[in-house]
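Asker: Structure provided below as structure tokens; questions to follow.
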Amino acid sequence: MGQGVLAVVMKPILMALVFISASLVGCISSESTSSSQVEAIFEFDPDKNIRTDMEIEFDASASLPPGASLTYKWDFDNDGSYDSTGRETTWSYSEVGDYEVTLTVSDGTKSNSQTRSLEVFNASAVEPDANAGTDLPTSDCEGGEIPSGAEYLYYICEMDKSTSSKNILATTTVTLDGSSSEPGSSDEYISEWEWDLDLLRDEDGDGDPKNDADLTGESVEWKEVSPGEYKIALTVTNGAGLTSIDETVVYVNYVGKWNDFAIGGNTSNSPVDIEFSFQVVQDSDSGNTIRWAESELVYLKEDADCTDVVLGDESNCRAKIDLYGFNSTDEEAGNTSAIGKDQRSYGDCDSDTDCVGLKFSGSYQFAESNWKDGEWTFTVRNNMVNDLEIESLTIRLSYK
């Protein structure tokens, strides 16, 4: 077949392929457009403690797809007929009772509905007043003053830990007390106390993450609470069925102290390390953020049994032990090695001891943009030849 004939044959084929490709592109685009989700979503305010003749604002701005031209139809009394239109509207109820509100949205082709329930109380009904309580100790683990505040503050104090346990795993029990809550009027009473221990999780799926009943009761025990900062809420309900919420914060700080232990000497040209691990939380979304973590090391300037035989120099008996900090992926975040022997007076040192400290800030070292949170270690390191005596190592975790 000649080249002229082949060109004539191929040209229609190529044109056909172009038309087919264009047709397919149109089908894909059309299918993508037609598959846009239409979903009715609305909120209303107030969403609780609604009284007769109270104006309620309804808002369907969250309906999908966003920015689309939708129609909005509202049925406020569940009778199947529409009482109002528009993305935002208001309504009130003249009679006490339970009502179902239905919103139907449409893009002209597809429609979708959402139904939500609300309860209307008598106009004279009085709301209760929730009070989640407070609990502050008289002093911290080391006898220091406690700042005033309207929250819960607990300390976990392990002031004589054994080196057989170099992990900080202790928890405490927090007693939550809502007894100062008021029912709203002298002839009312509180029928329910519900404690939500995680204000970010909507465990009951009602759209409100602050009213999940993790614990119930006027006074409750929240067990196995680790060091951290916890935002919680108490919801109380009175006999008339009205509710009130009070949010507060529970802080759990930690102090651990290891006393009178030894660290081996560097006899093989590598330092001797003792590692102490601890968990820190720096979660800005939940508000559980550590303020700082600190380690303080106190050791004798000279051991009683120190010998200078190895180096033939009395300076060998002058101890030098350091602190190092490592994050959860073993990156070094800081150390005390640059502090001279005559500048080691961190904290409350006496004439016979050296003291060094290493302190990390929650807003810097533990931040997501830096070394992050997780399981960290404070490491005690001896680079000297001699075994050395340590008077104490203290680790403090402060969330308040």
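Here's how to read the names in the structure tokens: chain A, B, ... by the order shown, residue numbers from 1 in each chain, ligand numbers from 1 in the order shown.
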With only C-alpha atoms as the counted atoms, please give the residues lying no more than 8 Å from Pro128 in chain A, apart from itself and same-chain residues fewer than 6 positions off, as number ranges by chain.

Answerer: A: 181-185, 190, 236-238, 242-244

Asker: For the residues selected in the previous step, produce a file with C-alpha atoms as a PDB file, in the first residue's frame.

Answerer:
ATOM      1  CA  SER A 181     -23.566  22.951  92.312  1.00  0.00           C
ATOM      2  CA  GLU A 182     -26.955  24.623  92.779  1.00  0.00           C
ATOM      3  CA  PRO A 183     -30.309  23.243  91.509  1.00  0.00           C
ATOM      4  CA  GLY A 184     -31.590  26.643  90.366  1.00  0.00           C
ATOM      5  CA  SER A 185     -34.374  27.295  92.882  1.00  0.00           C
ATOM      6  CA  ILE A 190     -30.076  18.065  91.123  1.00  0.00           C
ATOM      7  CA  VAL A 236     -25.691  18.831  86.130  1.00  0.00           C
ATOM      8  CA  THR A 237     -29.390  18.298  85.468  1.00  0.00           C
ATOM      9  CA  ASN A 238     -32.108  19.433  87.845  1.00  0.00           C
ATOM     10  CA  LEU A 242     -32.662  21.797  82.672  1.00  0.00           C
ATOM     11  CA  THR A 243     -28.871  21.498  82.529  1.00  0.00           C
ATOM     12  CA  SER A 244     -25.739  23.506  83.274  1.00  0.00           C
TER      13      SER A 244
END

Asker: For Ser162 in chain A, find every residue with an atom within 9 Å (counting only C-alpha atoms), except residues of its own chain fewer than 3 positions away, and show them as a PyMOL selection string.

Answerer: chain A and resi 165-166+257-259+261

Asker: Could you write those residues out with C-alpha atoms, as a compact mmCIF listing (two decimals), in the first residue's frame?

Answerer:
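Result file follows (out03.txt):
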# COMPACT_ATOMS: atom_id res chain seq x y z
CA SER A 165 13.15 1.42 88.92
CA LYS A 166 14.40 4.20 86.67
CA LYS A 257 13.94 11.58 93.80
CA TRP A 258 16.65 8.91 93.84
CA ASN A 259 18.98 9.09 96.83
CA PHE A 261 23.59 5.67 94.64

Asker: Select from range 19-226 of chain A everything DSSP, run on the backbone, classes as strand (DSSP E or B), then give the selection as a ChimeraX atom specification.

Answerer: /A:39,43-45,50-51,56-59,64,71-75,84-85,88-91,97-106,111-121,129,135,152-161,167,172-177,182,190-196,215-216,219-225

Asker: Kindly indicate which residue among A:Trp371, A:Tyr299, A:Trp292, A:Phe378 lies nearest to Lys341 in chain A, using only C-alpha atoms for the distances.

Answerer: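 Using only C-alpha atoms, Lys341 in chain A sits closest to A:Tyr299.
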
Asker: So that I can see what lies close to Asp303 in chain A, please list as a list in words the residues with an atom at most 8 Å from it, counting only C-alpha atoms and leaving out residues fewer than 3 positions away in the same chain.

Answerer: Leu300, Cys306, Cys317, Ala319, Leu388 and Glu389 of chain A

Asker: When you look at range 205-221 of chain A with a cut-off of 8 Å (counting only C-alpha atoms), what residues show up, excluding the ones that are within fewer than 6 positions of it in the same chain? I need them as a ChimeraX atom specification.

Answerer: /A:173-179,192-199,232-235
